[in-house]
$ cat target_35.txt   # compact mmCIF, C-alpha atoms (C1' of nucleotides)
# COMPACT_ATOMS: atom_id res chain seq x y z
CA MET A 1288 -68.92 -34.44 50.10
CA THR A 1289 -72.53 -34.81 51.21
CA ALA A 1290 -72.55 -36.59 54.56
CA THR A 1291 -73.98 -40.08 54.63
CA LEU A 1292 -74.87 -39.89 58.33
CA PRO A 1293 -78.44 -40.33 59.39
CA GLN A 1294 -79.94 -36.88 59.87
CA PRO A 1295 -82.31 -36.65 62.79
CA GLU A 1296 -81.68 -32.90 62.66
CA ARG A 1297 -83.63 -32.39 59.46
CA PRO A 1298 -86.66 -30.73 61.08
CA GLU A 1299 -84.39 -28.49 63.14
CA ILE A 1300 -82.54 -27.41 60.03
CA ASP A 1301 -85.76 -26.68 58.20
CA ALA A 1302 -86.94 -24.64 61.15
CA ILE A 1303 -83.72 -22.65 61.27
CA VAL A 1304 -83.82 -21.90 57.56
CA GLU A 1305 -87.41 -20.79 57.93
CA MET A 1306 -86.53 -18.45 60.76
CA ILE A 1307 -83.61 -16.85 59.02
CA LEU A 1308 -85.87 -16.25 56.07
CA TYR A 1309 -88.52 -14.81 58.33
CA LEU A 1310 -86.14 -12.54 60.20
CA TYR A 1311 -84.56 -11.26 57.04
CA THR A 1312 -87.70 -10.62 55.03
CA GLU A 1313 -89.60 -9.10 57.92
CA SER A 1314 -86.74 -6.76 58.83
CA ARG A 1315 -86.52 -5.72 55.22
CA ARG A 1316 -90.22 -5.09 55.05
CA LEU A 1317 -90.28 -2.96 58.19
CA THR A 1318 -87.25 -0.97 57.14
CA LYS A 1319 -89.08 -0.26 53.95
CA GLY A 1320 -92.16 0.88 55.82
CA MET A 1321 -90.06 3.15 57.99
CA ALA A 1322 -88.30 4.61 54.98
CA SER A 1323 -91.50 5.34 53.11
CA GLY A 1324 -92.50 7.73 55.90
CA PHE A 1325 -89.61 9.90 54.69
CA GLY A 1326 -90.28 9.44 51.00
CA LEU A 1327 -87.44 6.93 50.70
CA THR A 1328 -87.15 3.28 49.75
CA GLY A 1329 -85.38 0.74 51.95
CA PRO A 1330 -82.08 0.71 50.08
CA GLN A 1331 -82.13 4.48 49.83
CA LEU A 1332 -82.42 4.80 53.59
CA THR A 1333 -79.55 2.38 54.02
CA ILE A 1334 -77.34 4.35 51.68
CA LEU A 1335 -78.32 7.67 53.19
CA LYS A 1336 -77.27 6.53 56.66
CA LEU A 1337 -74.05 5.05 55.34
CA LEU A 1338 -73.12 8.27 53.60
CA GLU A 1339 -73.86 10.12 56.81
CA SER A 1340 -71.32 7.97 58.69
CA PHE A 1341 -68.64 7.69 56.06
CA GLN A 1342 -67.64 10.61 53.94
CA ASP A 1343 -65.98 9.93 50.60
CA LEU A 1344 -67.45 6.56 49.76
CA SER A 1345 -66.82 5.53 46.20
CA LEU A 1346 -69.57 3.76 44.35
CA SER A 1347 -67.83 0.39 44.40
CA THR A 1348 -66.94 0.65 48.08
CA LEU A 1349 -70.58 1.35 48.78
CA SER A 1350 -71.62 -1.60 46.63
CA GLU A 1351 -69.41 -3.95 48.61
CA ARG A 1352 -70.73 -2.66 51.90
CA ILE A 1353 -74.33 -3.33 51.03
CA ARG A 1354 -73.51 -6.50 49.13
CA ALA A 1355 -74.91 -5.38 45.80
CA GLN A 1356 -73.51 -5.09 42.30
CA ASN A 1357 -72.25 -1.79 40.97
CA SER A 1358 -74.96 -1.74 38.38
CA THR A 1359 -77.60 -1.94 41.10
CA VAL A 1360 -76.12 0.91 43.09
CA THR A 1361 -75.79 3.04 39.99
CA GLY A 1362 -79.55 2.89 39.65
CA ILE A 1363 -80.30 3.68 43.27
CA VAL A 1364 -77.89 6.61 43.25
CA ASP A 1365 -79.43 7.87 40.01
CA ARG A 1366 -82.78 8.12 41.70
CA MET A 1367 -81.36 9.69 44.86
CA GLU A 1368 -79.50 12.23 42.76
CA ARG A 1369 -82.68 13.00 40.87
CA GLU A 1370 -84.30 13.72 44.25
CA GLY A 1371 -81.41 15.98 45.18
CA LEU A 1372 -80.24 13.85 48.10
CA VAL A 1373 -76.72 13.03 46.90
CA ARG A 1374 -74.11 14.34 44.50
CA ARG A 1375 -71.63 12.44 42.35
CA GLU A 1376 -68.11 13.77 42.36
CA ARG A 1377 -65.32 12.43 40.16
CA SER A 1378 -62.10 11.75 41.99
CA LYS A 1379 -59.25 13.98 40.87
CA ALA A 1380 -56.67 11.35 41.68
CA ASP A 1381 -58.34 8.62 39.65
CA ARG A 1382 -60.87 9.88 37.21
CA ARG A 1383 -62.58 6.53 36.96
CA VAL A 1384 -63.74 6.76 40.56
CA VAL A 1385 -66.99 8.42 41.57
CA TYR A 1386 -67.34 9.64 45.15
CA LEU A 1387 -70.78 10.09 46.65
CA ARG A 1388 -71.63 13.01 48.90
CA LEU A 1389 -74.79 13.99 50.70
CA SER A 1390 -76.35 17.25 49.62
CA GLU A 1391 -77.65 19.67 52.25
CA LYS A 1392 -81.10 18.19 51.83
CA GLY A 1393 -79.71 14.68 52.13
CA ALA A 1394 -77.72 15.51 55.25
CA ARG A 1395 -80.74 17.13 56.87
CA LEU A 1396 -82.88 14.11 56.09
CA ALA A 1397 -80.23 11.74 57.43
CA ARG A 1398 -80.11 13.65 60.72
CA GLU A 1399 -83.87 13.56 60.94
CA ILE A 1400 -84.00 9.79 60.61
CA GLN A 1401 -83.03 8.29 63.92
CA VAL A 1402 -83.16 4.58 63.11
CA GLU A 1403 -80.71 2.17 61.59
CA PRO A 1404 -81.55 -0.17 58.73
CA MET A 1405 -82.69 -3.54 60.12
CA GLU A 1406 -83.71 -1.67 63.25
CA ILE A 1407 -86.33 -4.19 64.34
CA PHE A 1408 -83.89 -7.00 64.16
CA ARG A 1409 -81.35 -4.99 66.14
CA SER A 1410 -83.79 -4.13 68.87
CA ALA A 1411 -84.89 -7.76 69.07
CA LEU A 1412 -81.24 -8.72 69.51
CA LEU A 1413 -80.96 -6.25 72.39
CA SER A 1414 -83.60 -8.19 74.27
CA LEU A 1415 -81.40 -11.28 74.39
CA SER A 1416 -79.23 -12.08 77.41
CA SER A 1417 -75.54 -11.45 76.87
CA THR A 1418 -74.98 -15.20 77.09
CA ASP A 1419 -77.40 -15.84 74.25
CA LEU A 1420 -75.90 -13.02 72.27
CA ARG A 1421 -72.41 -14.44 72.64
CA ASP A 1422 -73.56 -17.95 71.74
CA LEU A 1423 -75.44 -16.69 68.72
CA LEU A 1424 -72.42 -14.79 67.49
CA ARG A 1425 -70.19 -17.79 68.03
CA ILE A 1426 -72.43 -20.20 66.15
CA LEU A 1427 -73.11 -17.81 63.30
CA THR A 1428 -69.38 -17.29 62.95
CA LYS A 1429 -68.93 -21.01 62.49
CA LEU A 1430 -71.68 -21.06 59.92
CA GLN A 1431 -70.21 -18.18 58.03
CA ARG A 1432 -66.83 -19.87 57.91
CA GLN A 1433 -68.44 -22.93 56.38
CA VAL A 1434 -70.26 -20.92 53.78
CA VAL A 1435 -67.17 -18.89 52.92
CA ALA A 1436 -65.22 -22.09 52.38
CA ARG A 1437 -67.88 -23.49 50.10
CA VAL A 1438 -68.10 -20.26 48.14
CA ALA A 1439 -64.34 -20.21 47.67
CA GLN A 1440 -64.45 -23.79 46.38
CA ASP A 1441 -67.25 -22.95 44.03
CA GLY A 1442 -65.45 -19.89 42.71
CA GLN A 1443 -62.39 -22.01 42.04
CA LYS A 1444 -64.30 -24.64 40.15
CA LYS A 1445 -65.62 -21.93 37.86
CA SER A 1446 -62.22 -20.52 36.98
CA ASP A 1447 -60.85 -24.04 36.55
CA GLY A 1448 -63.34 -24.36 33.78
CA GLY A 1449 -65.28 -27.41 34.96
CA ASP A 1450 -68.43 -25.59 34.15
CA ARG A 1451 -71.05 -25.50 31.43
CA THR A 1452 -72.10 -21.90 30.79
CA MET B 868 -89.41 1.40 74.53
CA THR B 869 -85.77 1.76 73.53
CA ALA B 870 -83.65 0.55 76.41
CA THR B 871 -81.60 3.15 78.21
CA LEU B 872 -79.04 0.62 79.40
CA PRO B 873 -75.48 1.02 78.40
CA GLN B 874 -74.87 -1.18 75.39
CA PRO B 875 -71.51 -2.85 75.39
CA GLU B 876 -73.06 -5.33 72.97
CA ARG B 877 -73.22 -2.90 70.09
CA PRO B 878 -70.32 -4.38 68.12
CA GLU B 879 -71.67 -7.87 68.67
CA ILE B 880 -75.05 -6.82 67.38
CA ASP B 881 -73.54 -5.21 64.32
CA ALA B 882 -71.54 -8.35 63.66
CA ILE B 883 -74.62 -10.54 63.96
CA VAL B 884 -76.62 -8.37 61.60
CA GLU B 885 -73.75 -8.47 59.15
CA MET B 886 -73.60 -12.25 59.28
CA ILE B 887 -77.29 -12.79 58.79
CA LEU B 888 -77.09 -10.50 55.81
CA TYR B 889 -74.10 -12.39 54.50
CA LEU B 890 -75.64 -15.82 54.99
CA TYR B 891 -78.88 -14.78 53.37
CA THR B 892 -77.46 -13.00 50.36
CA GLU B 893 -74.79 -15.59 49.69
CA SER B 894 -77.25 -18.47 49.88
CA ARG B 895 -79.53 -16.63 47.53
CA ARG B 896 -76.72 -16.03 45.10
CA LEU B 897 -75.60 -19.64 45.08
CA THR B 898 -79.12 -20.93 44.71
CA LYS B 899 -79.42 -18.68 41.70
CA GLY B 900 -76.20 -20.01 40.22
CA MET B 901 -77.40 -23.58 40.73
CA ALA B 902 -80.73 -22.81 39.14
CA SER B 903 -79.24 -21.19 36.08
CA GLY B 904 -77.58 -24.49 35.20
CA PHE B 905 -81.12 -25.76 34.56
CA GLY B 906 -82.36 -22.67 32.79
CA LEU B 907 -84.21 -21.50 35.88
CA THR B 908 -84.02 -18.49 38.17
CA GLY B 909 -83.72 -18.83 41.94
CA PRO B 910 -87.39 -18.29 42.80
CA GLN B 911 -88.41 -20.56 39.94
CA LEU B 912 -86.33 -23.39 41.36
CA THR B 913 -87.86 -22.82 44.78
CA ILE B 914 -91.37 -22.97 43.39
CA LEU B 915 -90.63 -25.99 41.23
CA LYS B 916 -89.41 -27.98 44.24
CA LEU B 917 -92.37 -26.85 46.34
CA LEU B 918 -94.84 -27.95 43.70
CA GLU B 919 -93.05 -31.28 43.53
CA SER B 920 -93.62 -31.85 47.25
CA PHE B 921 -97.10 -30.44 47.60
CA GLN B 922 -99.74 -31.07 45.03
CA ASP B 923 -102.65 -28.65 44.81
CA LEU B 924 -101.01 -25.49 46.04
CA SER B 925 -103.08 -22.41 45.40
CA LEU B 926 -101.33 -19.26 44.35
CA SER B 927 -101.88 -17.52 47.70
CA THR B 928 -100.80 -20.55 49.70
CA LEU B 929 -97.64 -20.61 47.66
CA SER B 930 -97.14 -16.88 48.21
CA GLU B 931 -97.34 -17.31 51.95
CA ARG B 932 -94.90 -20.17 51.91
CA ILE B 933 -92.21 -18.24 50.12
CA ARG B 934 -93.09 -14.99 51.91
CA ALA B 935 -93.88 -13.03 48.80
CA GLN B 936 -96.89 -11.03 47.66
CA ASN B 937 -99.46 -12.57 45.36
CA SER B 938 -98.59 -10.10 42.64
CA THR B 939 -94.98 -11.24 42.72
CA VAL B 940 -95.88 -14.90 42.42
CA THR B 941 -98.29 -14.15 39.58
CA GLY B 942 -95.35 -12.89 37.58
CA ILE B 943 -93.07 -15.81 38.35
CA VAL B 944 -95.79 -18.30 37.51
CA ASP B 945 -96.53 -16.43 34.28
CA ARG B 946 -92.96 -16.99 33.16
CA MET B 947 -92.91 -20.61 34.28
CA GLU B 948 -96.16 -21.22 32.45
CA ARG B 949 -94.70 -19.61 29.34
CA GLU B 950 -91.82 -22.10 29.61
CA GLY B 951 -94.31 -24.94 29.92
CA LEU B 952 -93.22 -25.91 33.43
CA VAL B 953 -96.52 -25.41 35.27
CA ARG B 954 -100.22 -25.19 34.56
CA ARG B 955 -102.88 -23.02 36.17
CA GLU B 956 -106.10 -24.75 37.07
CA ARG B 957 -109.18 -23.01 38.45
CA SER B 958 -110.68 -24.67 41.49
CA LYS B 959 -114.15 -26.03 40.87
CA ALA B 960 -115.17 -25.52 44.47
CA ASP B 961 -114.16 -21.87 44.60
CA ARG B 962 -113.70 -20.35 41.21
CA ARG B 963 -111.58 -17.51 42.58
CA VAL B 964 -108.80 -19.93 43.47
CA VAL B 965 -106.05 -20.95 41.08
CA TYR B 966 -104.24 -24.21 41.71
CA LEU B 967 -100.76 -24.74 40.34
CA ARG B 968 -99.65 -28.07 38.88
CA LEU B 969 -96.39 -29.22 37.39
CA SER B 970 -96.49 -30.19 33.74
CA GLU B 971 -94.69 -33.32 32.58
CA LYS B 972 -91.70 -31.23 31.66
CA GLY B 973 -91.80 -29.47 35.02
CA ALA B 974 -92.03 -32.73 36.95
CA ARG B 975 -89.14 -34.22 35.00
CA LEU B 976 -87.01 -31.18 35.68
CA ALA B 977 -87.91 -31.23 39.37
CA ARG B 978 -86.80 -34.85 39.64
CA GLU B 979 -83.58 -34.03 37.87
CA ILE B 980 -82.69 -31.29 40.34
CA GLN B 981 -81.41 -32.91 43.50
CA VAL B 982 -80.80 -29.87 45.70
CA GLU B 983 -83.01 -27.82 47.94
CA PRO B 984 -83.22 -24.04 47.79
CA MET B 985 -80.73 -22.53 50.28
CA GLU B 986 -78.75 -25.72 49.94
CA ILE B 987 -75.43 -24.18 50.96
CA PHE B 988 -76.88 -22.83 54.12
CA ARG B 989 -78.43 -26.20 54.92
CA SER B 990 -75.25 -28.09 54.37
CA ALA B 991 -73.34 -25.59 56.50
CA LEU B 992 -75.88 -26.18 59.26
CA LEU B 993 -75.25 -29.92 59.01
CA SER B 994 -71.64 -29.33 59.95
CA LEU B 995 -72.63 -27.95 63.35
CA SER B 996 -72.69 -30.11 66.46
CA SER B 997 -76.16 -31.03 67.65
CA THR B 998 -75.61 -28.87 70.70
CA ASP B 999 -74.88 -25.83 68.56
CA LEU B 1000 -77.82 -26.65 66.37
CA ARG B 1001 -80.16 -26.83 69.35
CA ASP B 1002 -78.80 -23.61 70.82
CA LEU B 1003 -79.11 -21.82 67.52
CA LEU B 1004 -82.69 -22.93 67.11
CA ARG B 1005 -83.52 -21.89 70.67
CA ILE B 1006 -82.03 -18.43 70.32
CA LEU B 1007 -83.52 -17.79 66.91
CA THR B 1008 -86.91 -18.81 68.26
CA LYS B 1009 -86.59 -16.14 70.95
CA LEU B 1010 -85.61 -13.60 68.34
CA GLN B 1011 -88.49 -14.50 66.12
CA ARG B 1012 -90.94 -14.13 68.99
CA GLN B 1013 -89.62 -10.63 69.62
CA VAL B 1014 -89.94 -9.65 66.00
CA VAL B 1015 -93.43 -11.12 65.73
CA ALA B 1016 -94.52 -9.11 68.75
CA ARG B 1017 -93.13 -5.90 67.28
CA VAL B 1018 -94.75 -6.58 63.92
CA ALA B 1019 -98.10 -7.19 65.58
CA GLN B 1020 -97.78 -3.89 67.44
CA ASP B 1021 -96.88 -2.06 64.29
CA GLY B 1022 -99.79 -3.59 62.42
CA GLN B 1023 -102.10 -2.44 65.14
CA LYS B 1024 -100.84 1.13 65.10
CA LYS B 1025 -101.60 1.26 61.41
CA SER B 1026 -105.21 0.15 61.77
CA ASP B 1027 -105.68 2.49 64.74
CA GLY B 1028 -104.99 5.29 62.35
CA GLY B 1029 -102.08 7.02 64.04
CA ASP B 1030 -100.37 7.13 60.73
CA ARG B 1031 -99.68 9.57 57.94
CA THR B 1032 -100.28 7.93 54.58
C1' DT C 1013 -44.22 5.70 24.46
C1' DC C 1014 -47.62 2.88 23.58
C1' DA C 1015 -50.19 -1.35 23.39
C1' DC C 1016 -52.97 -3.96 26.58
C1' DG C 1017 -54.96 -5.87 30.38
C1' DA C 1018 -57.17 -4.36 34.61
C1' DT C 1019 -60.34 -1.35 37.03
C1' DG C 1020 -64.54 1.78 37.90
C1' DC C 1021 -68.69 2.96 36.31
C1' DT C 1022 -72.81 2.96 33.27
C1' DT C 1023 -76.19 0.90 30.02
C1' DC C 1024 -79.26 -2.59 28.73
C1' DG C 1025 -82.31 -6.58 29.08
C1' DT C 1026 -84.69 -9.62 32.13
C1' DG C 1027 -86.56 -11.08 36.36
C1' DT C 1028 -88.09 -10.34 40.83
C1' DA C 1029 -90.70 -7.54 44.47
C1' DC C 1030 -94.04 -4.52 46.28
C1' DG C 1031 -98.50 -1.73 46.88
C1' DA C 1032 -102.63 0.09 44.92
C1' DA C 1033 -106.31 -0.46 41.97
C1' DA C 1034 -109.19 -3.44 39.08
C1' DT C 1035 -111.84 -7.79 38.39
C1' DA C 1036 -114.22 -11.87 39.57
C1' DT C 1037 -116.27 -14.64 42.84
C1' DT C 1038 -117.98 -15.96 47.37
C1' DC C 1039 -120.01 -15.14 51.82
C1' DG C 1040 -122.78 -12.93 55.45
C1' DC C 1041 -126.81 -10.78 56.50
C1' DT C 1042 -131.22 -9.25 56.05
C1' DA D 1421 -133.10 -13.20 46.61
C1' DG D 1422 -129.80 -9.75 46.79
C1' DC D 1423 -126.62 -6.18 48.51
C1' DG D 1424 -122.29 -5.15 50.49
C1' DA D 1425 -118.05 -6.82 52.68
C1' DA D 1426 -114.48 -10.10 52.17
C1' DT D 1427 -111.36 -13.00 49.44
C1' DA D 1428 -108.34 -14.64 45.33
C1' DT D 1429 -106.05 -13.22 41.56
C1' DT D 1430 -104.34 -10.06 38.02
C1' DT D 1431 -102.70 -5.59 36.18
C1' DC D 1432 -99.97 -1.61 36.48
C1' DG D 1433 -96.23 1.49 37.82
C1' DT D 1434 -91.97 1.86 40.20
C1' DA D 1435 -87.79 0.28 42.30
C1' DC D 1436 -84.41 -3.00 43.08
C1' DA D 1437 -81.06 -6.75 41.46
C1' DC D 1438 -78.07 -9.14 38.52
C1' DG D 1439 -74.91 -10.28 34.48
C1' DA D 1440 -73.08 -9.02 30.09
C1' DA D 1441 -71.44 -5.59 27.24
C1' DG D 1442 -69.65 -1.00 26.60
C1' DC D 1443 -66.83 3.13 27.73
C1' DA D 1444 -63.27 5.73 29.96
C1' DT D 1445 -59.21 5.70 32.55
C1' DC D 1446 -55.29 3.76 34.81
C1' DG D 1447 -51.09 0.88 35.30
C1' DT D 1448 -47.53 -1.97 33.59
C1' DG D 1449 -44.14 -3.83 30.76
C1' DA D 1450 -41.65 -4.07 26.45
$ encode --input "target_35.txt" --output "structure tokens"
Amino acid sequence: MTATLPQPERPEIDAIVEMILYLYTESRRLTKGMASGFGLTGPQLTILKLLESFQDLSLSTLSERIRAQNSTVTGIVDRMEREGLVRRERSKADRRVVYLRLSEKGARLAREIQVEPMEIFRSALLSLSSTDLRDLLRILTKLQRQVVARVAQDGQKKSDGGDRT
Amino acid sequence: MTATLPQPERPEIDAIVEMILYLYTESRRLTKGMASGFGLTGPQLTILKLLESFQDLSLSTLSERIRAQNSTVTGIVDRMEREGLVRRERSKADRRVVYLRLSEKGARLAREIQVEPMEIFRSALLSLSSTDLRDLLRILTKLQRQVVARVAQDGQKKSDGGDRT
DNA sequence: TCACGATGCTTCGTGTACGAAATATTCGCT
DNA sequence: AGCGAATATTTCGTACACGAAGCATCGTGA
């Protein structure tokens, strides 16, 4: 499984990992700073903008979109509801489902905020040539495929039971 | 500042942001899973391996390396100290500084754990051709430069005072 | 129909993660 | 020497973030 080739690429790999970490954490930090100007946290801004774009998001759909667990989103929505930004609405079709809606105040705030989450990262991407952009997308796609495959394998191992708690 | 060009790249940019998010969160999640097999959390594994490589890391040096605030690392180290994995040691030269050292137990555990943090991401990178690897590094470097520049600007604005709390 | 597993959400306990304020120490300057 | 700014760390309050357990509801099959 682990390659036995010599790895002259080690320093390059370390550098790449470092940069991804940098780009991610810095974007997160700046989004947070942006959000705080409106009395929001980073995740709250993200959710606010999502609810502005998509009406009728259920809590689990929202969780998937932002790659968080339901229990995490429950908490964030609690706080946003407390602030009067969103409302919970039980689905009539399936009473287990909770739909999230922006309140007037929430909708107003969403309109007022002109930036996307990860805005800095996006605007940095815009500065790349279209060739670089295409290459980046292509390579990242390959990477993602690799990771997805490994995750699938891992998930299988777990349900096969070859696993100590 | 924001370009007024037409942006046919919008979907590409969204896709790239998505992928970075995916790669980061998934790597984090798998690192965590790995760590839990040894009774550790993700950040604890990261710190354990760092302390194995570098002796005499001060708390702030460590914070910088993992891109976290001092107050965050204080907490993580508290818990690791409680578990008997690390020791705090005041520097004699500068009594404000705290150096972190692995205990016997910590060192043993570090030796036992053969993987790096973000291991999945690293191994996915290894599957790329060296051309792709070079290109990726080159493009990410450009991106990072852009983000650094924007962060520097932002930092300056703040100290210039053009800022509401 | 009615037991029962699956699904959607919440609750709870623990561990990050951050910023602001507090504390201790060092350094620069006079 | 000694005062005030700067630095290293901790403390505190709040907000994620996750997994496990709990609750309500839905769907299916006997």
$ atom_distance --input "target_35.txt" --atom1 "atom CA of A:Val1434" --atom2 "atom CA of B:Ile987"
6.7 Å
$ closest_atom_pairs --input "target_35.txt" --of "chain A" --to "chain D" --cutoff "10 Å" --atoms "only C-alpha atoms (C1' of nucleotides)" --output "JSON lines"
{"residue": "A:Thr1328", "atom": "CA", "partner": "D:DA1435", "partner_atom": "C1'", "distance": 8.1}
{"residue": "A:Gly1329", "atom": "CA", "partner": "D:DC1436", "partner_atom": "C1'", "distance": 9.7}
{"residue": "A:Pro1330", "atom": "CA", "partner": "D:DC1436", "partner_atom": "C1'", "distance": 8.3}
{"residue": "A:Ala1355", "atom": "CA", "partner": "D:DA1437", "partner_atom": "C1'", "distance": 7.7}
{"residue": "A:Gln1356", "atom": "CA", "partner": "D:DC1438", "partner_atom": "C1'", "distance": 7.2}
{"residue": "A:Asn1357", "atom": "CA", "partner": "D:DC1438", "partner_atom": "C1'", "distance": 9.7}
{"residue": "A:Ser1358", "atom": "CA", "partner": "D:DC1438", "partner_atom": "C1'", "distance": 8.0}
{"residue": "A:Thr1359", "atom": "CA", "partner": "D:DA1437", "partner_atom": "C1'", "distance": 5.9}
{"residue": "A:Val1360", "atom": "CA", "partner": "D:DC1436", "partner_atom": "C1'", "distance": 9.2}
{"residue": "A:Gly1362", "atom": "CA", "partner": "D:DC1436", "partner_atom": "C1'", "distance": 8.4}
{"residue": "A:Ile1363", "atom": "CA", "partner": "D:DC1436", "partner_atom": "C1'", "distance": 7.8}
{"residue": "A:Arg1366", "atom": "CA", "partner": "D:DA1435", "partner_atom": "C1'", "distance": 9.3}
{"residue": "A:Asp1381", "atom": "CA", "partner": "D:DC1446", "partner_atom": "C1'", "distance": 7.5}
{"residue": "A:Arg1382", "atom": "CA", "partner": "D:DT1445", "partner_atom": "C1'", "distance": 6.5}
{"residue": "A:Arg1383", "atom": "CA", "partner": "D:DT1445", "partner_atom": "C1'", "distance": 5.6}
{"residue": "A:Val1384", "atom": "CA", "partner": "D:DT1445", "partner_atom": "C1'", "distance": 9.3}
$ closest_residue --input "target_35.txt" --among "B:Arg877, B:Ser997, B:Ser930, B:Ser925" --to "B:Tyr966" --atoms "only C-alpha atoms"
B:Ser925
$ closest_residue --input "target_35.txt" --among "A:Leu1332, A:Gln1342, A:Ile1353, A:Arg1388" --to "chain B" --atoms "only C-alpha atoms"
A:Ile1353
$ closest_residue --input "target_35.txt" --among "B:Glu919, B:Glu885, B:Glu950, B:Glu956" --to "chain A" --atoms "only C-alpha atoms"
B:Glu885
$ interface_residues --input "target_35.txt" --of "chain B" --to "chain A" --cutoff "6 Å" --atoms "all atoms listed in the file" --output "ChimeraX atom specification"
/B:883,991,1004,1010,1013
$ closest_atom_pairs --input "target_35.txt" --of "chain C" --to "chain A" --cutoff "10 Å" --atoms "all atoms listed in the file" --output "JSON lines"
{"residue": "C:DT1019", "atom": "C1'", "partner": "A:Arg1383", "partner_atom": "CA", "distance": 8.2}
{"residue": "C:DG1020", "atom": "C1'", "partner": "A:Arg1383", "partner_atom": "CA", "distance": 5.2}
{"residue": "C:DC1021", "atom": "C1'", "partner": "A:Arg1383", "partner_atom": "CA", "distance": 7.1}
{"residue": "C:DT1022", "atom": "C1'", "partner": "A:Ser1358", "partner_atom": "CA", "distance": 7.3}
{"residue": "C:DT1023", "atom": "C1'", "partner": "A:Ser1358", "partner_atom": "CA", "distance": 8.9}
{"residue": "C:DC1030", "atom": "C1'", "partner": "A:Arg1316", "partner_atom": "CA", "distance": 9.6}
$ closest_residue --input "target_35.txt" --among "A:Gln1401, A:Thr1418, A:Ser1340, A:Ile1334" --to "A:Val1373" --atoms "only C-alpha atoms"
A:Ile1334
$ atom_distance --input "target_35.txt" --atom1 "atom C1' of C:DT1028" --atom2 "atom CA of A:Leu1389"
29.4 Å
$ residues_around --input "target_35.txt" --residues "B:Ser970" --least-positions-apart "5" --cutoff "10 Å" --atoms "all atoms listed in the file" --output "list of chain:residue names"
B:Glu948, B:Gly951, B:Leu952, B:Val953, B:Arg954, B:Arg955, B:Arg975, B:Leu976
$ axis_aligned_box --input "target_35.txt" --around "stretch 981-984 of chain B" --padding-each-side "3 Å" --output "lines of an AutoDock Vina configuration file"
center_x = -82.0
center_y = -28.5
center_z = 45.7
size_x = 8.4
size_y = 14.9
size_z = 10.4
$ atom_distance --input "target_35.txt" --atom1 "atom CA of B:Met901" --atom2 "atom CA of B:Thr913"
11.2 Å
$ build_atoms --input "target_35.txt" --residues "stretch 1408-1417 of chain A" --atoms "N, CA, C and O atoms" --output "compact mmCIF listing (two decimals), in the frame of the given file"
# COMPACT_ATOMS: atom_id res chain seq x y z
N PHE A 1408 -84.72 -5.86 63.86
CA PHE A 1408 -83.89 -7.00 64.16
C PHE A 1408 -82.88 -6.63 65.24
O PHE A 1408 -82.66 -7.38 66.20
N ARG A 1409 -82.30 -5.44 65.13
CA ARG A 1409 -81.35 -4.99 66.14
C ARG A 1409 -81.99 -4.90 67.51
O ARG A 1409 -81.42 -5.33 68.52
N SER A 1410 -83.18 -4.33 67.55
CA SER A 1410 -83.79 -4.13 68.87
C SER A 1410 -84.21 -5.48 69.45
O SER A 1410 -84.19 -5.67 70.65
N ALA A 1411 -84.57 -6.42 68.58
CA ALA A 1411 -84.89 -7.76 69.07
C ALA A 1411 -83.63 -8.40 69.65
O ALA A 1411 -83.68 -9.07 70.70
N LEU A 1412 -82.51 -8.18 69.02
CA LEU A 1412 -81.24 -8.72 69.51
C LEU A 1412 -80.92 -8.17 70.90
O LEU A 1412 -80.41 -8.87 71.77
N LEU A 1413 -81.26 -6.89 71.11
CA LEU A 1413 -80.96 -6.25 72.39
C LEU A 1413 -81.71 -6.91 73.54
O LEU A 1413 -81.30 -6.81 74.69
N SER A 1414 -82.81 -7.57 73.21
CA SER A 1414 -83.60 -8.19 74.27
C SER A 1414 -83.00 -9.52 74.72
O SER A 1414 -83.44 -10.10 75.71
N LEU A 1415 -82.01 -10.00 74.00
CA LEU A 1415 -81.40 -11.28 74.39
C LEU A 1415 -80.44 -11.08 75.57
O LEU A 1415 -79.90 -10.00 75.76
N SER A 1416 -80.24 -12.13 76.35
CA SER A 1416 -79.23 -12.08 77.41
C SER A 1416 -77.85 -12.03 76.76
O SER A 1416 -77.69 -12.44 75.61
N SER A 1417 -76.87 -11.55 77.49
CA SER A 1417 -75.54 -11.45 76.87
C SER A 1417 -74.98 -12.84 76.59
O SER A 1417 -74.18 -13.01 75.66
